[in-house]
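Reviewing the structure listed below.
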Amino acid sequence: MIQLFQVVKTFGPNVVLNNIDVKISKGELVFVTGPSGAGKTTLLRLIFGAERPCAGHILINAINLNRISRSKLALLRRKIGFVFQDFKLLPHKTVFENVAIALEVTGLRPRLVRKKTHQTLRLVGLAPKEKAYPPSLSGGEQQRVAIARAIVKDPLILLADEPTGNLDPDLTQDIMVLFRNIHQRGATVVIATHSRQLIAGIECRTIVLNQGNIFEDMG
Amino acid sequence: MIQLFQVVKTFGPNVVLNNIDVKISKGELVFVTGPSGAGKTTLLRLIFGAERPCAGHILINAINLNRISRSKLALLRRKIGFVFQDFKLLPHKTVFENVAIALEVTGLRPRLVRKKTHQTLRLVGLAPKEKAYPPSLSGGEQQRVAIARAIVKDPLILLADEPTGNLDPDLTQDIMVLFRNIHQRGATVVIATHSRQLIAGIECRTIVLNQGNIFEDMG
Amino acid sequence: MKRNRAVHLLSLGTMVACLLILGAFLILFGNLSNWVGQWGSTLSMSIYLKDGVSDYKRDKIDAFIRALPGARIRRFISKEDAIEELKAALGEEGGFLERLTHNPLPASYEVVFETADSNRMDTEEIKARLLGLDGVADVQHSRQWVKRLEGFLHIVRLVGTVIGGLLCLCVVFMVTNAIKLTIYSRRDEIEILKLVGATDWFVKLPFLLEGAVLGFFGGGLTILALFLGYLGLCSKKIYLLGPTPLEFVFLPGQYVAVFVSVSMVLGIVGSFIAIGRFIEV
Amino acid sequence: MKRNRAVHLLSLGTMVACLLILGAFLILFGNLSNWVGQWGSTLSMSIYLKDGVSDYKRDKIDAFIRALPGARIRRFISKEDAIEELKAALGEEGGFLERLTHNPLPASYEVVFETADSNRMDTEEIKARLLGLDGVADVQHSRQWVKRLEGFLHIVRLVGTVIGGLLCLCVVFMVTNAIKLTIYSRRDEIEILKLVGATDWFVKLPFLLEGAVLGFFGGGLTILALFLGYLGLCSKKIYLLGPTPLEFVFLPGQYVAVFVSVSMVLGIVGSFIAIGRFIEV
Ligand SMILES: Nc1ncnc2c1ncn2[C@@H]1O[C@H](COP(=O)(O)OP(=O)(O)OP(=O)(O)O)[C@@H](O)[C@H]1O
Ligand SMILES: Nc1ncnc2c1ncn2[C@@H]1O[C@H](COP(=O)(O)OP(=O)(O)OP(=O)(O)O)[C@@H](O)[C@H]1O
Ligand SMILES: [Mg+2]
Ligand SMILES: [Mg+2]
């Protein structure tokens with residue numbers, strides 16, 4: 001499903017990923033962890049095609065991201081959900097619109113868009129806030145909008161970058177249940193996090209990044 | 001030091017704080033916790049004068065925020081450090097400039113500004129990144145810039161809103177040591193957080209907000 | 001949206017200014033050609049009579065003129081009329097005319113030839129025949145003068161095309177600028193749209209539309225302003241040559257449509273340039 | 001910064017357009033007053049002689065004129081000169097002059113009075129004395145004409161003041177718009193500055209400076225453009241009245257300074273308005 005071969009990523013003199021080899025199979029649930037600045041976000045962005053590797057190859061569903069056209073990449077992204085660490089919400093659109101946009105760009109029929117969006121907002125507990133604008137939301141509420149936007153399209157791959165940093169322990173549990181449901185429906189899920197609580201809660205593979213290398217890869 | 005009398009804060013029909021009474025003495029270290037959307041950020045913003053209460057009074061150093069002039073408020077804010085949940089960094093200024101600005105607005109001499117800024121960046125472990133721009137930083141690095149900007153002016157009051165949501169456990173410890181140092185030098189410190197790890201690490205007063213009321217106030 | 005309103009007003013204003021010059025030029029040119037066309041098609045001739053010509057001779061001349069193909073006697077100017085008109089034309093400078101001991105001006109016929117194509121008429125031949133009549137002192141005609149005007153019109157057209165081209169470039173530049181700014185202010189939005197899988201066209205289309213709308217309104221407002229200006233101009237009578245006031249016409253209907261369409265196309269071209277430079281990033 | 005450059009160029013362009021009109025008007029007005037002033041201060045008189053006046057009488061008239069205070073005989077126009085000049089002035093319309101049997105125009109002296117203030121001169125008295133001389137047929141002087149021109153100049157000044165005021169308003173509006181946009185695009189920055197304890201003035205000052213710089217450059221560029229245009233105009237000789245080409249002058253030095261300063265003040269006023277409306281939020 002997701003394969004990285006000898007991937008190198010540097011920013012100027014700063015070597016963030018140094019010859020990384022990772023293989024994540026279809027339907028796996030994987031945690032990525034490591035200290036601040038280790039390259040977790042960079043790894044997820046590479047998989048998403050938002051960043052290009054300086055060397056090496058990345059294959060998603062056997063498609064090489066180095067050779068993909070702009071329009072193919074757009075189509076691929078419709079199958080990938082991404083929870084951004086900084087949320088990336090549109091401040092001038094309502095919560096509802098922010099979530100619905102992920103379906104609208106695929107050309108889904110408006111009626112279905114509305115139905116799926118409402119349903120997902122209920123799942124993350126934001127139904128009462130659907131008409132609010134992101135700047136008027138609390139940190140945790142914004143994070144849940146970002147999560148809703150990532151999962152609303154039933155992605156084949158879910159990439160979540162520190163998805164519970166602003167959530168209280170109870171909500172964290174709820175969100176993890178959501179992610180596991182998506183995982184159980186067959187999606188590949190990759191979660192980058194610092195939270196020991198999150199990782200401890202589930203028995204699964206954990207990739208530990210440190211100083212550009214994979215420090216530990218526990219299956 | 002910080003006194004709230006019968007403070008009410010509503011956003012439209014949404015009652016966020018309902019008749020809150022809080023008294024925090026000079027030199028105290030207090031945690032504010034509660035579920036997502038409970039009003040932690042709102043409480044801190046009220047104390048900072050960034051939000052006005054709908055009813056009730058807030059006194060900082062015996063100054064009533066309802067009656068303060070704009071220029072007095074600016075002077076007061078120079079004594080208060082605030083770590084914003086969403087960082088609020090200037091994307092077009094370097095890390096160094098982002099931190100230095102908190103000293104520059106006070107009219108401090110440039111030489112001293114430089115010295116203090118370098119020193120603080122070293123404290124949060126960002127000395128190597130001082131020439132970088134915030135959008136090129138990792139989540140945790142951005143959070144540490146926000147922390148550096150709040151503590152660079154040796155504030156009398158430090159308000160930190162979820163200051164370690166993007167930090168790994170080791171860094172979280174380091175930052176808490178920093179906050180306790182500031183506290184030990186006599187500053188009043190108020191930290192809003194979800195993190196049980198953070199609260200469990202220190203024996204001190206915790207204010208638990210829930211549904212607009214103070215649910216628990218453990219001294 | 002709100003943040004861009006000011007930019008758009010600003011560029012709309014500048015655009016309208018550019019288009020106004022263009023439109024005013026078009027109208028001016030249209031009217032000039034009209035006038036020249038009219039004058040050209042009505043060749044006019046002045047036939048001066050000798051002093052003291054007898055009524056009999058005058059009647060013969062009169063009859064001869066009326067027999068010429070397409071000719072119409074506009075008026076007969078007596079010696080007295082002639083001096084009065086000269087006085088009126090010279091105004092204060094004509095003071096000396098008061099001191100003339102006798103009227104030196106000749107009487108004359110003013111004749112116009114309203115043939116479909118006056119160009120083919122042999123004016124020199126007619127002139128020679130008129131001079132052959134007893135009592136005719138001199139004959140003058142307007143042909144050379146029209147020729148010179150047509151050359152002038154040609155130059156005006158050339159200069160107009162060059163200036164018009166430059167102004168169109170200006171309009172495109174204005175729109176490009178405005179759309180660039182809009183794109184700049186929405187770059188976060190664009191980034192996010194692409195991150196959720198929007199195709200390039202999904203992102204670009206709204207900006208193209210914006211450019212088209214900008215161009216359309218720019219053109220429309222310009223036509224409106226020009227028309228108001230035209231009405232104002234029409235309410236005044238302007239005399240350039242002769243005693244009849246100049247007659248102004250507005251741009252014909254299909255020109256208005258072309259004008260607005262061109263302005264819209266310019267808007268689209270402008271936003272196209274802006275998009276090309278920005279969105280690929 | 002980069003994002004605002006386009007806005008600033010846009011507003012600078014529109015500003016310069018407004019200021020250009022203003023400046024062109026100032027120059028035009030300055031030159032008009034100059035010309036009128038020159039004509040006004042040199043009162044001129046035409047003294048027409050009777051036909052067939054004897055040389056003796058002419059010498060006496062000549063001597064009499066030379067004895068008048070401040071008077072200078074610009075030239076003597078003989079009957080032949082007079083008819084030649086009239087022919088030149090009428091051009092093609094003057095064809096009838098060829099058919100005159102004798103010259104109806106009188107000879108004349110053209111006299112100018114170059115006194116410091118010609119206004120106090122009693123022209124009517126001089127005229128009466130001249131008419132009393134033997135051989136003088138008529139006397140005309142230019143006083144009334146200058147009076148009328150001065151009235152016209154007064155109207156021009158009035159209209160100019162109104163239009164100038166409107167244009168200044170436009171300039172202020174342009175600057176306000178540009179600064180508003182800058183403020184809008186930096187509102188996050190402004191918010192953060194206030195959160196770290198910056199006073200209002202700390203936040204406002206850069207925008208005021210920006211307005212001032214915008215105004216200064218707008219004014220400077222306009223002066224530059226006007227000067228280039230002025231040079232272009234000077235290279236052409238334009239004849240309006242009489243055989244000497246019009247002499248153009250540029251805005252005097254202190255006017256240039258005032259112009260740029262005013263434009264800068266307009267810039268400051270514009271940014272002041274923009275700031276007042278936006279930063280308090
Ligand atoms: N666009 C960029 N330009 C320059 N440096 C960058 C850029 N993006 C990331 N970096 C650097 O790469 C390193 C890794 O960043 P990354 O965001 O992947 O870390 P992370 O593991 O997600 O950290 P965190 O847990 O703090 O979010 C950091 O040192 C960061 O400063
Ligand atoms: N400017 C605003 N306009 C409208 N509603 C607001 C505004 N600011 C906050 N709220 C609402 O007030 C409630 C409390 O928000 P607040 O940010 O204080 O929560 P919080 O305790 O900080 O939550 P979190 O832990 O998720 O950050 C939320 O429901 C939020 O949507
Ligand atoms: Mg990260
Ligand atoms: Mg909060």
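Every chain in the structure tokens takes a letter, A first, then B, and so on in the order presented; its residues are numbered from 1, and the ligands are numbered from 1 following the presented order.
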
Inset, instruction - Do a neighbour search on range 246-261 of chain D at 9 Å with only C-alpha atoms, toss out local chain neighbours closer than 5 positions, and write the hits as a PyMOL selection string. - result: chain D and resi 23+26-28+30-31+34-35+215-220+222-223+226-227+230+233-234+237-241+266

Inset, instruction - Write down as a list in words the residues of range 109-270 of chain C whose backbone DSSP state falls under strand (DSSP E or B). - result: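 Filtering range 109-270 of chain C down to strand (DSSP E or B) leaves Tyr109, Glu110, Val111, Val112, Phe113, Val136, Ala137, Asp138, Val139, Gln140 and His141 of chain C.
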
Inset, instruction - Residues of chain D near chain B: apply a cut-off of 8 Å, count only C-alpha atoms, and supply the list as an MDAnalysis selection string. - result: chainID D and resid 188:189 192:200 202

Inset, instruction - Find the residues around Cys168 in chain C up to 9 Å (only C-alpha atoms counted), leave out those fewer than 3 positions away in its own chain, and share them as a list in words. - result: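 Non-adjacent residues within range: Cys18, Leu19, Leu22, Ile163, Gly164, Gly165, Val171, Val172, Phe173, Ser263 and Leu266 of chain C.
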
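Each of A:Lys116, A:His194, A:Arg109, A:Arg185 was checked against ligand 1 using only C-alpha atoms and all ligand atoms; the smallest atom-to-atom distance is that of A:His194.
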
Inset, instruction - Go through chain B and collect every residue that DSSP, computed from the backbone, puts in helix (DSSP H, G or I); the answer should be as a ChimeraX atom specification. - result: /B:40-48,70-77,95-104,110-123,127-129,134-136,139-151,169-184,196-201

Inset, instruction - Find the spatial neighbours of Gln184 in chain A, counting only C-alpha atoms, within a cut-off of 9 Å - ignore same-chain residues fewer than 4 positions away - and output them as an NGL selection string. - result: :A and (27 or 179-180)

Inset, instruction - Kindly provide, as an MDAnalysis selection string, all nucleotide and amino acid residues lying within 8 Å of ligand 1, counting only C-alpha atoms and all ligand atoms. - result: (chainID A and resid 10:12 14:16 33:43 85 161:162 192:194 209) or (chainID B and resid 129 132 135:142 166:168)

Inset, instruction - Give the answer as one residue: which of D:Leu205, D:Val262, D:Ala17, D:Ile273 has the shortest atom-to-atom distance to chain C, using only C-alpha atoms? - result: D:Ala17

Legend entry - Pick from A:Gly212, A:Pro163, A:Pro169, A:Gly201 nearest to ligand 3, counting only C-alpha atoms and all ligand atoms: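 Comparing A:Gly212, A:Pro163, A:Pro169, A:Gly201 against ligand 3, the winner is A:Pro163.
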
Inset, instruction - Measuring atom to atom with only C-alpha atoms and all ligand atoms, identify which of A:Asn18, A:Gln6, A:Gln143, A:Ser69 is nearest to ligand 2. - result: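 Going through A:Asn18, A:Gln6, A:Gln143, A:Ser69 one by one, the smallest distance to ligand 2 is for A:Gln143.
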
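Each of B:Leu171, B:Val190, B:Val7, B:Ala127 was compared to chain A using only C-alpha atoms, and B:Leu171 turns out to be the nearest.
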